[in-house]
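Trainee: This is the structure, below, for whatever I ask next.
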Amino acid sequence: MHYVTYRNNKFAANQNTRMVIRGYNADINILNSEFTDNRCQRQSLIGLLGMEKRVSLSGNTITNNVNCTALVDFDIVSQTEFSPPVPASVTRNVIRGNACPPSSDPDGVLDSSTPTCAAVSVQGIQDVLVQRNIISNGYQTELIAGVQSSSLINSFNCTENYWGSVDIEVIRSRIFDYDSWNNFAVADFSRYLTTESLDSPVSSAVIPPRTIDFNRPFGGRIARDTRLQWRRTPYLVNRDITVMPGATLSIDAGVELQFYPNVGMLVLGRIDAMGSYNSPIKMRPVVKAAAAAAGRKRRKRRDTTTSSTAEYFAKYTEPESSKGGVKVSLERNGIRLVAGRIANEGFLQFYNTSAARWDIVCDNQFSEEVGRVVCRELGVETFNVIVRETYLYDHYVYGFDNQFVRKYFWMRTYNCKGTELSRAECTERLNYDSLMCGRRRGYVFLRCGQSNLQPGETYWGSIRVAHPAIEQSNPITGKPSQFRYVNIYGAGVLHKQKVAAIQTTYQYPLFDTVTISNCASDGYKIIAPRQFVRVANTTVRDNLGTGYSIIVLNGDSANPETTPLVSFNPLVESSIPYNLVGLVDICDRRKDMVVVDRLLVFYKYSYETRACTKLFRSQVSAKRVALRFLQIQLYYDPFSKNSIELFNGDRFNTTELLAYISAANMTSSDDRRRTFRTRPAYDTMGVHIHASSAAPTNGFIAEVVTLPLSPDKTYPDLNNFMEHYVRQSVFTGNQEGGVHYRGVGEINPDFVAHFNQFERNGLDILNLTSRPVLFAQMQNGRYLDVSNNLVLNNFGGLQFDMWSTGLSKSAKSNITNNAIIRNTHGGALWISGNHYNMFKVTNNFFESNVAEMRDLVSIQGVLMKPFARNYFHRNVAGYIMNASGYEDLSTKSEFSWNGFYQNQALNWTRRSTIFLGSTKHQFRHNYFRNLANNFEIATGNMSIIRTADIDTNGNCLAEAWFCKEGWVKRLEFNKCICYRRDTVDARYNWWGEPYSFYAPGRLWDNSDDPYIIGIDYSNYYTDNSSVLESPQCPPTSNVSAGNCYWWFGAPLTYDRAKLFCQNEIGGVMGDSRDSVSFMTALMASSQNNYDWINRYAWTTRGWVYSEQPFPAACPVVRNNWLEGFPCDTATSFFCQVSPSGTLRTMETAVLASISSILALFLLLALVLLILWAYKSRQRQKARMVRRENYRASTKSSRSAAGAFGTAVTQHEYLSGGSRSNTGLGFYTLQSGLPMSDYRPPADAQSVVTGLTAGGLGPAGRRESDRGIRLADTVDTLDRAKVEELQSASSATSSDGSSSVYRPSLAGPATTLSGSRRFMIENQIPEADTPQLSGAAAAAPARIRMGTGGAGAGPPDHMRRNKLTLSRPATNPMQTRHPQAAPPNVTEPQPPAQPPRQRGHFDSEFEDDDDDDDQEGKTSSDELTPTTGQQPQPQSRPAYLHQPRRSLGRTADDVRRFASAGESDI
């Protein structure tokens, strides 16, 4: 033993002062010393930590110290292997005038229920005597009596002290004990000192029991029947309420209880919380005064809306910063999170200042408590912390598995409580496991999630219902507790530890219409129930744990003398909380326990390294003691001891060592199933454990029994029918899943989950598999029934693990009528177990689930009797189904009448819908059509029946019987292997096509690989009507009156059922007209026990559509009746789909494709015909206009002499394909000048250049197709725009001439074609011939004269046709004329001309058909006179009688241009 003596010393005026003694057992003496005027660093001044120590702290003066959480702090967590108690005392000390650290709670709400500092704090597992001290500091808490024990009442001796007052109630308020937190000891402060002197006389007053004043914040023990009556103001609870054995707490309807942080209610007697529909009982956190005003409105909004994990994570912003190619989600204080998909999450990295780099954290001891400290350093919320280990670092940082980049690991690991401000306050050591962690690539992924409470709210404790006795030999009798119409909000943190909102141990309350929301952990936690557990009409939503969790801890009654192995496999992960009432903590203060028949002990790993000791003694002398594990998972640490040592008797030495248990020798199932018992004549077993710090999922639960077992006391209730059920409940938005059921023991109760809704449960973290939404792990269970449930939009699916030791204990399981839709991050249905268990899986609907590379349905080991009428549609998974079983069985799993339609398999090896790893499967009458997959069924290797060695020559050393006739013998490596040539029976199925070659092409078996299992696919169906009730209906649907019906047992309200039918089925709600009897029969045939349910349990109803009105109700079908039912009540429903024709096959697809192509061609031909007719009509109109225009022009040319004043040339630049005025320009010719003297304006060349760039340049004949044509019809121009631009160009200069308008190209010119091309009215620089150059000079030009004459004019759409020049291939203005532009003159308005009568066309012109042939040609041959003679004048048509401006040319010029042919020009 170590000795430490500290005597006659003085600590004064020190900063960051602390005296700590930790470690192994030692003898500590701190005597006659002075500690004054010191300042602590928010820690204790004198700390005694670690293993229990013999302590004497006496005669010391501790005054005027500040910022200390405790002046004397005992935090003992370990015990020595020596059985006698180790004494410790604090006597004759003066502790006064000290000051607490500044409170982080200015309103005092936290301090009243959770002490932040104390003068003397005693916590842990060692008794300490506190006596004859002066403790007067004015603290709200002077003493914390926190010694923990599994016994109901644990006394703490703190007598003969002066507390700064002689008022009993004041003294009581300054001591924090069992009446404050009921896992602490009951402080005995009687015989207190009456004056502030160590030699003061003691008081003789009797300490009365604490009275409860419900008008003030209250708590404490309730020892008699008490009723909380309804009142308008809520009851405030600032200390734990403990309902003592024999007492009943009744709560009236409408009562509201507001709990302070960390406190709750422990019911050791009974509680009757009986609310009503309109006045439920409410239990919620108290709101601090500073945040009450801001939080009141938010709480009101919170009550009317449903939050979820997805909703409050949606508040995060997507991280955008990127450093060094790595996306950084959050960075602060040398810590950063990288490659997170949302803010405040990512792979954890610490900055290495020595190496100036970021190191990755790869630490398998990184716990949630360490994560809280890291999140606190990052400056974000710290409670909803999620820690995962994953190998996906490279995938999310680099986008692929990058093995070429060297990774540096952080070489320190931390142990934290979770309350530290930084990692510097935690203990740390070398991360010696980092190399192994790097090999398995277990990188730490951290998410600092948001709280699910409103601002100003803090989590309160829980409601715990437990049996007061730790020995559970006799059955529990008496009326159980009841919870009806109770709303629990914001619970889950009790005494600074996460717990369920409602937790029971051994007891079995009745729960009906209970709502649990926004809690920090699980909603329900039911531990070791001894009777029925009934949960109905419950809503559990938006909790950070599991919605409903139950663990059954039944042991084994077999005699270990004859049966050394227990009849069950112990559970692996620890799922029980700390400070569990009813079970014995192996590390509580009591070392010596007396066992009558059976008790349960447990240990749960934490952040602390611990060593604990227990002695279990039989109450009956000479009865042997035995121990067997119900759950065990020990942590492995190569440098720290993690073991359980069992000893015969109470001597902990190697000679009496019974067993040494560690993670290394508990690897096999047989090792875990062993029963450890003492030698004969030893009625005591010693247990000594060593445990390092590790995650709380590690630990063990064991039963300790005395041998032989008493048949009337051990398991008196397990021979009766017992059922645990969850019915008609809603589980929404729970992070760790919906319902988790675990059972262990030689026999287990039935578990039933009926008519429940599971939505948005689970966690979306990277691509990691989420915990199951509905999970059941049963051993030797009788019956499992999961029916009529809705599983929608969850992360995770259904998972069942069934294990039995024989047929007499096997389970008959039923999974029926479940709708499993749009779930991700896990398989939809995973079933595993041994061959004694049979499953009936029928009428389930699997639609739009995305399991990615996981299997959608996995069936391993169990028998399917049958797997029938299940519909798989639009699912994505590695395999849609993966099934294997035991080859030596004489029976097969049956898969029949299932539909697999439009599913996609992602498995890269086969891409098969189904994978079969064994032959014991029979597939009959199934519908397969999944064209996205290469195969419908693929098989694995043939089963190895026998193996034998081979000799040096490679011959098989086996007898003749080694391989029977027909089996396969093969030499592989150093073994001779015999295979059995069995096949999978897959006859009578529809494979998607009727052709003989199609079925084998959809299978991968031994015809493709001789060493894999074969498939017998003979007698395949050639028509899908063989597996469908109607060829017009989808698989598994039912037909009535020509319509396709589905009945869904999943419960939904009426409105949601309608949306479900529309969105998921593509139909409508089932029409009840003439179908009520059919619908009732469909419900009855789909239910496993329809008649019994309707007679004894509840009535099955189904929503339908009906034209018959139901006031304030919606129509349902029930037992051949149509009636009304409340629309907001969830029940089953019918969906209806109209027949859509035979489901498509390859033949129908080809026919449909050909028909579609033909229809498309016919439609195209019709469109072309319509366009041709329209174009012909337009051409006819154009010919008529051109003919009239040309005739009028030639006839009016004779009278035009002398009438021309000003020549106006108009240029229009319009983009091809558009009718806008883009690029429009005008300029005028000089008045009175001959055309030979005319020069183009200065800007003409720039305009031509723009047109040439747009495709109008002189580039040969093809270029002329895109050029300017003489006779093209001009699109109608916006007259207002033209007149506006003309008026803008007619500004008169000082000499009386108009200024020249310089055209500018308003936009880039484009290629022009067809009738949309515009015509450019060109200037003629010389008397007879336009001045052209290059290819443009050689190109022939045509001239078309507009209708002239005095007073004559064209219609509005022809006003542009004055003098139009066009050339087939060139632009006439490509070369700029060298002479300067002449001055402009004002154009005079011509006089009006009297109207003329319309005449017939002149015979000198060509026929209309000639014009039609020329339309669209590059030569632009249009209405041209057949001779060179001048046409005779005719009367003008009536529609041309409009005013017209004369052209500024002489009459000779006009006559010459009008009578000349193409060659002349």
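Identifiers in the structure tokens: chain A, B, ... in order shown; residue index from 1 per chain; ligand index from 1 in order shown.
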Give me every alpha helix (DSSP H) residue in segment 871-1098 of chain A, going by DSSP on the backbone, as a ChimeraX atom specification.
Mentor: /A:998-1001,1054-1060,1076-1086,1090-1092
Trainee: Filtering to N, CA and C atoms, could you give me those residues as an mmCIF file, in the first residue's frame?
Mentor:
data_model
loop_
_atom_site.group_PDB
_atom_site.id
_atom_site.type_symbol
_atom_site.label_atom_id
_atom_site.label_comp_id
_atom_site.auth_asym_id
_atom_site.auth_seq_id
_atom_site.Cartn_x
_atom_site.Cartn_y
_atom_site.Cartn_z
ATOM 1 N N TYR A 998 -35.718 -17.803 -74.249
ATOM 2 C CA TYR A 998 -35.652 -16.653 -73.351
ATOM 3 C C TYR A 998 -35.405 -17.072 -71.901
ATOM 4 N N ALA A 999 -36.073 -18.123 -71.443
ATOM 5 C CA ALA A 999 -35.955 -18.537 -70.042
ATOM 6 C C ALA A 999 -34.521 -18.902 -69.659
ATOM 7 N N PRO A 1000 -33.814 -19.764 -70.410
ATOM 8 C CA PRO A 1000 -32.422 -20.057 -70.014
ATOM 9 C C PRO A 1000 -31.514 -18.845 -70.096
ATOM 10 N N GLY A 1001 -31.837 -17.887 -70.942
ATOM 11 C CA GLY A 1001 -31.021 -16.685 -71.017
ATOM 12 C C GLY A 1001 -31.169 -15.782 -69.815
ATOM 13 N N TYR A 1054 -57.885 9.002 -44.189
ATOM 14 C CA TYR A 1054 -58.581 8.948 -45.475
ATOM 15 C C TYR A 1054 -57.855 9.768 -46.545
ATOM 16 N N ASP A 1055 -57.458 10.991 -46.200
ATOM 17 C CA ASP A 1055 -56.788 11.839 -47.185
ATOM 18 C C ASP A 1055 -55.440 11.265 -47.591
ATOM 19 N N ARG A 1056 -54.699 10.748 -46.634
ATOM 20 C CA ARG A 1056 -53.393 10.178 -46.968
ATOM 21 C C ARG A 1056 -53.550 8.894 -47.780
ATOM 22 N N ALA A 1057 -54.608 8.150 -47.526
ATOM 23 C CA ALA A 1057 -54.845 6.941 -48.307
ATOM 24 C C ALA A 1057 -55.125 7.286 -49.771
ATOM 25 N N LYS A 1058 -55.883 8.358 -50.005
ATOM 26 C CA LYS A 1058 -56.128 8.787 -51.381
ATOM 27 C C LYS A 1058 -54.826 9.176 -52.077
ATOM 28 N N LEU A 1059 -53.981 9.929 -51.389
ATOM 29 C CA LEU A 1059 -52.700 10.318 -51.981
ATOM 30 C C LEU A 1059 -51.816 9.101 -52.232
ATOM 31 N N PHE A 1060 -51.865 8.133 -51.330
ATOM 32 C CA PHE A 1060 -51.073 6.917 -51.511
ATOM 33 C C PHE A 1060 -51.498 6.199 -52.789
ATOM 34 N N VAL A 1076 -68.662 -4.376 -52.259
ATOM 35 C CA VAL A 1076 -68.503 -4.455 -50.804
ATOM 36 C C VAL A 1076 -68.204 -5.877 -50.366
ATOM 37 N N SER A 1077 -68.933 -6.835 -50.893
ATOM 38 C CA SER A 1077 -68.689 -8.229 -50.517
ATOM 39 C C SER A 1077 -67.317 -8.690 -50.980
ATOM 40 N N PHE A 1078 -66.943 -8.289 -52.184
ATOM 41 C CA PHE A 1078 -65.612 -8.648 -52.682
ATOM 42 C C PHE A 1078 -64.515 -8.059 -51.791
ATOM 43 N N MET A 1079 -64.676 -6.808 -51.368
ATOM 44 C CA MET A 1079 -63.664 -6.172 -50.525
ATOM 45 C C MET A 1079 -63.574 -6.847 -49.160
ATOM 46 N N THR A 1080 -64.703 -7.220 -48.593
ATOM 47 C CA THR A 1080 -64.670 -7.923 -47.314
ATOM 48 C C THR A 1080 -63.964 -9.261 -47.452
ATOM 49 N N ALA A 1081 -64.257 -9.979 -48.519
ATOM 50 C CA ALA A 1081 -63.587 -11.258 -48.741
ATOM 51 C C ALA A 1081 -62.090 -11.064 -48.962
ATOM 52 N N LEU A 1082 -61.702 -9.973 -49.637
ATOM 53 C CA LEU A 1082 -60.281 -9.701 -49.863
ATOM 54 C C LEU A 1082 -59.571 -9.416 -48.547
ATOM 55 N N MET A 1083 -60.189 -8.645 -47.660
ATOM 56 C CA MET A 1083 -59.602 -8.412 -46.343
ATOM 57 C C MET A 1083 -59.463 -9.708 -45.557
ATOM 58 N N ALA A 1084 -60.488 -10.536 -45.602
ATOM 59 C CA ALA A 1084 -60.455 -11.780 -44.841
ATOM 60 C C ALA A 1084 -59.379 -12.722 -45.350
ATOM 61 N N SER A 1085 -59.224 -12.817 -46.670
ATOM 62 C CA SER A 1085 -58.219 -13.721 -47.219
ATOM 63 C C SER A 1085 -56.802 -13.215 -47.002
ATOM 64 N N SER A 1086 -56.643 -11.919 -46.829
ATOM 65 C CA SER A 1086 -55.306 -11.349 -46.651
ATOM 66 C C SER A 1086 -54.861 -11.364 -45.197
ATOM 67 N N TYR A 1090 -58.284 -13.449 -39.486
ATOM 68 C CA TYR A 1090 -59.288 -12.394 -39.632
ATOM 69 C C TYR A 1090 -60.463 -12.595 -38.681
ATOM 70 N N ASP A 1091 -60.990 -13.809 -38.582
ATOM 71 C CA ASP A 1091 -62.170 -14.047 -37.748
ATOM 72 C C ASP A 1091 -61.866 -13.787 -36.272
ATOM 73 N N TRP A 1092 -60.714 -14.243 -35.810
ATOM 74 C CA TRP A 1092 -60.368 -14.033 -34.400
ATOM 75 C C TRP A 1092 -60.170 -12.549 -34.110
#
Trainee: Using only C-alpha atoms, I'd like a table of the residues in segment 1003-1043 of chain A that come within 8 Å of segment 919-936 of chain A; for each, show the closest atom pair and its distance in Å rounded to one decimal, ordered by chain and ascending number, as a Markdown table.
Mentor:
| residue | atom | partner | partner_atom | distance |
| --- | --- | --- | --- | --- |
| A:Leu1003 | CA | A:Phe935 | CA | 5.4 |
| A:Trp1004 | CA | A:Phe935 | CA | 6.7 |
| A:Ile1013 | CA | A:Thr919 | CA | 7.0 |
| A:Asn1024 | CA | A:Tyr927 | CA | 7.5 |
| A:Ser1026 | CA | A:His925 | CA | 7.6 |
| A:Val1027 | CA | A:His925 | CA | 5.6 |
| A:Pro1035 | CA | A:Tyr927 | CA | 7.0 |
Trainee: What lies within 6 Å of Asn849 of chain A using only C-alpha atoms, ignoring chain neighbours under 6 positions off, as a count of residues only?
Mentor: 4
Trainee: Can you check which residues of segment 487-581 of chain A DSSP gives as strand (DSSP E or B) on the backbone and send them as a ChimeraX atom specification?
Mentor: /A:487-489,493-494,497-498,502-505,510-517,524-527,533-536,539-541,548-553,565,571
Trainee: Can you tell me how far atom CA of Asn431 of chain A sits from atom CA of Arg332 of chain A, in Å to one decimal?
Mentor: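 Going from atom CA of Asn431 of chain A over to atom CA of Arg332 of chain A covers 22.7 Å.
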Trainee: Skip segment 593-608 of chain A itself and residues of its chain fewer than 4 positions away, then list as a ChimeraX atom specification all residues within 7 Å of it, counting only C-alpha atoms.
Mentor: /A:415-417,470-473,583-586,615-619,692-696,698-706,709,714
Trainee: Store the residues of this selection in a file with C-alpha atoms, as a PDB file, in the first residue's frame.
Mentor:
ATOM      1  CA  ASN A 415     -10.986  10.044 -22.186  1.00  0.00           C
ATOM      2  CA  CYS A 416     -13.598  12.677 -21.358  1.00  0.00           C
ATOM      3  CA  LYS A 417     -16.724  12.957 -19.252  1.00  0.00           C
ATOM      4  CA  ILE A 470     -33.377  -6.612  -6.685  1.00  0.00           C
ATOM      5  CA  GLU A 471     -34.156 -10.299  -6.115  1.00  0.00           C
ATOM      6  CA  GLN A 472     -36.798 -11.423  -8.602  1.00  0.00           C
ATOM      7  CA  SER A 473     -37.639 -14.922  -7.497  1.00  0.00           C
ATOM      8  CA  LEU A 583     -30.295  -4.647 -11.423  1.00  0.00           C
ATOM      9  CA  VAL A 584     -27.081  -4.804  -9.409  1.00  0.00           C
ATOM     10  CA  ASP A 585     -24.250  -2.663 -10.708  1.00  0.00           C
ATOM     11  CA  ILE A 586     -21.080  -4.665 -10.256  1.00  0.00           C
ATOM     12  CA  LEU A 615     -18.968 -11.325  -3.330  1.00  0.00           C
ATOM     13  CA  PHE A 616     -22.145 -13.294  -4.038  1.00  0.00           C
ATOM     14  CA  ARG A 617     -23.165 -15.473  -1.089  1.00  0.00           C
ATOM     15  CA  SER A 618     -25.930 -18.027  -1.071  1.00  0.00           C
ATOM     16  CA  GLN A 619     -28.542 -17.406   1.569  1.00  0.00           C
ATOM     17  CA  SER A 692     -10.445   0.270 -19.405  1.00  0.00           C
ATOM     18  CA  SER A 693     -12.276   3.210 -20.884  1.00  0.00           C
ATOM     19  CA  ALA A 694     -14.362   2.254 -23.890  1.00  0.00           C
ATOM     20  CA  ALA A 695     -17.643   2.883 -25.642  1.00  0.00           C
ATOM     21  CA  PRO A 696     -20.809   2.201 -23.591  1.00  0.00           C
ATOM     22  CA  ASN A 698     -19.369  -2.729 -24.300  1.00  0.00           C
ATOM     23  CA  GLY A 699     -20.183  -4.479 -21.054  1.00  0.00           C
ATOM     24  CA  PHE A 700     -22.090  -7.487 -19.776  1.00  0.00           C
ATOM     25  CA  ILE A 701     -25.299  -8.647 -18.097  1.00  0.00           C
ATOM     26  CA  ALA A 702     -25.206 -11.865 -16.089  1.00  0.00           C
ATOM     27  CA  GLU A 703     -27.537 -13.834 -13.887  1.00  0.00           C
ATOM     28  CA  VAL A 704     -26.262 -15.167 -10.598  1.00  0.00           C
ATOM     29  CA  VAL A 705     -28.179 -18.168  -9.298  1.00  0.00           C
ATOM     30  CA  THR A 706     -27.872 -20.670  -6.490  1.00  0.00           C
ATOM     31  CA  LEU A 709     -32.668 -24.120  -8.699  1.00  0.00           C
ATOM     32  CA  THR A 714     -37.072 -19.083 -10.505  1.00  0.00           C
TER      33      THR A 714
END
Trainee: Give me the residues within 9 Å of segment 159-167 of chain A as an MDAnalysis selection string, counting only C-alpha atoms and dropping any in the same chain fewer than 5 places off.
Mentor: chainID A and resid 92 129:138 142 172 174 187:198 200:203
Trainee: Env of Asn64 of chain A: 7 Å cut, atoms = only C-alpha atoms, seq-sep filter 5 positions within chain, self excluded. Answer as number ranges by chain.
Mentor: A: 36-37, 97-98
Trainee: Would you output that residue set with C-alpha atoms, as an mmCIF file, in the first residue's frame?
Mentor:
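Output file result_24.cif is given in full below:
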data_model
loop_
_atom_site.group_PDB
_atom_site.id
_atom_site.type_symbol
_atom_site.label_atom_id
_atom_site.label_comp_id
_atom_site.auth_asym_id
_atom_site.auth_seq_id
_atom_site.Cartn_x
_atom_site.Cartn_y
_atom_site.Cartn_z
ATOM 1 C CA THR A 36 -6.716 30.113 1.694
ATOM 2 C CA ASP A 37 -7.145 32.795 -0.970
ATOM 3 C CA GLY A 97 -16.054 32.026 3.151
ATOM 4 C CA ASN A 98 -15.409 30.351 -0.198
#
Trainee: Would you mind listing what lies within 8 Å of segment 372-379 of chain A as an mmCIF file with N, CA and C atoms, in the first residue's frame, with only C-alpha atoms counted and same-chain residues fewer than 5 positions away left out?
Mentor:
data_model
loop_
_atom_site.group_PDB
_atom_site.id
_atom_site.type_symbol
_atom_site.label_atom_id
_atom_site.label_comp_id
_atom_site.auth_asym_id
_atom_site.auth_seq_id
_atom_site.Cartn_x
_atom_site.Cartn_y
_atom_site.Cartn_z
ATOM 1 N N LEU A 330 -16.281 22.570 -41.327
ATOM 2 C CA LEU A 330 -16.185 23.419 -40.146
ATOM 3 C C LEU A 330 -14.749 23.389 -39.661
ATOM 4 N N GLU A 331 -14.227 24.549 -39.259
ATOM 5 C CA GLU A 331 -12.840 24.617 -38.793
ATOM 6 C C GLU A 331 -12.729 25.672 -37.701
ATOM 7 N N ARG A 332 -12.078 25.294 -36.597
ATOM 8 C CA ARG A 332 -11.875 26.232 -35.503
ATOM 9 C C ARG A 332 -10.944 25.603 -34.477
ATOM 10 N N ASN A 333 -10.072 26.414 -33.905
ATOM 11 C CA ASN A 333 -9.205 25.995 -32.803
ATOM 12 C C ASN A 333 -8.383 24.754 -33.132
ATOM 13 N N ILE A 335 -9.121 22.374 -35.116
ATOM 14 C CA ILE A 335 -9.988 21.217 -35.367
ATOM 15 C C ILE A 335 -10.770 21.518 -36.634
ATOM 16 N N VAL A 385 -24.673 14.579 -30.479
ATOM 17 C CA VAL A 385 -23.409 14.239 -31.129
ATOM 18 C C VAL A 385 -23.488 12.799 -31.622
ATOM 19 N N CYS A 416 -12.895 11.486 -21.830
ATOM 20 C CA CYS A 416 -13.598 12.677 -21.358
ATOM 21 C C CYS A 416 -14.926 12.286 -20.733
ATOM 22 N N GLY A 418 -17.390 14.455 -20.997
ATOM 23 C CA GLY A 418 -18.331 15.122 -21.879
ATOM 24 C C GLY A 418 -18.690 16.518 -21.420
ATOM 25 N N THR A 419 -18.326 16.870 -20.185
ATOM 26 C CA THR A 419 -18.635 18.202 -19.659
ATOM 27 C C THR A 419 -17.447 19.146 -19.723
ATOM 28 N N GLU A 420 -16.286 18.678 -20.165
ATOM 29 C CA GLU A 420 -15.095 19.512 -20.215
ATOM 30 C C GLU A 420 -15.246 20.605 -21.273
ATOM 31 N N LEU A 421 -14.546 21.710 -21.032
ATOM 32 C CA LEU A 421 -14.567 22.809 -21.986
ATOM 33 C C LEU A 421 -13.655 22.556 -23.177
ATOM 34 N N SER A 422 -12.619 21.755 -22.996
ATOM 35 C CA SER A 422 -11.697 21.462 -24.090
ATOM 36 C C SER A 422 -11.029 20.130 -23.807
ATOM 37 N N ARG A 423 -10.296 19.646 -24.815
ATOM 38 C CA ARG A 423 -9.586 18.377 -24.652
ATOM 39 C C ARG A 423 -8.466 18.484 -23.628
ATOM 40 N N CYS A 448 -21.981 17.125 -35.302
ATOM 41 C CA CYS A 448 -22.430 17.938 -34.167
ATOM 42 C C CYS A 448 -23.854 18.393 -34.483
#
Trainee: When you count only C-alpha atoms, which of these residues is closest to Thr769 of chain A: A:Lys623, A:Arg227, A:Arg782, A:His825?
Mentor: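 Among the listed residues, A:His825 lies closest to Thr769 of chain A.
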Trainee: For atom CA of Asp1071 of chain A and atom CA of Val841 of chain A, quote the distance in Å rounded to one decimal.
Mentor: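 Computing the Euclidean distance for atom CA of Asp1071 of chain A and atom CA of Val841 of chain A yields 27.9 Å.
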Trainee: Measuring between only C-alpha atoms, which one of A:Ser367, A:Ser354, A:Asn543, A:Asn989 shows the shortest distance to Ser1018 of chain A?
Mentor: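 Selected residue with least distance to Ser1018 of chain A: A:Asn989.
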Trainee: For Val147 of chain A, which of A:Asn579, A:Thr390, A:Asn38, A:Ser1155 is the closest residue, counting only C-alpha atoms?
Mentor: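 Closest to Val147 of chain A, using only C-alpha atoms: A:Asn579.
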Trainee: Could you check which of A:Asn487, A:Gln140, A:Ser56, A:Asn182 is closest to Leu580 of chain A, using only C-alpha atoms?
Mentor: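 Answer, going by the shortest atom-to-atom distance: A:Asn182.
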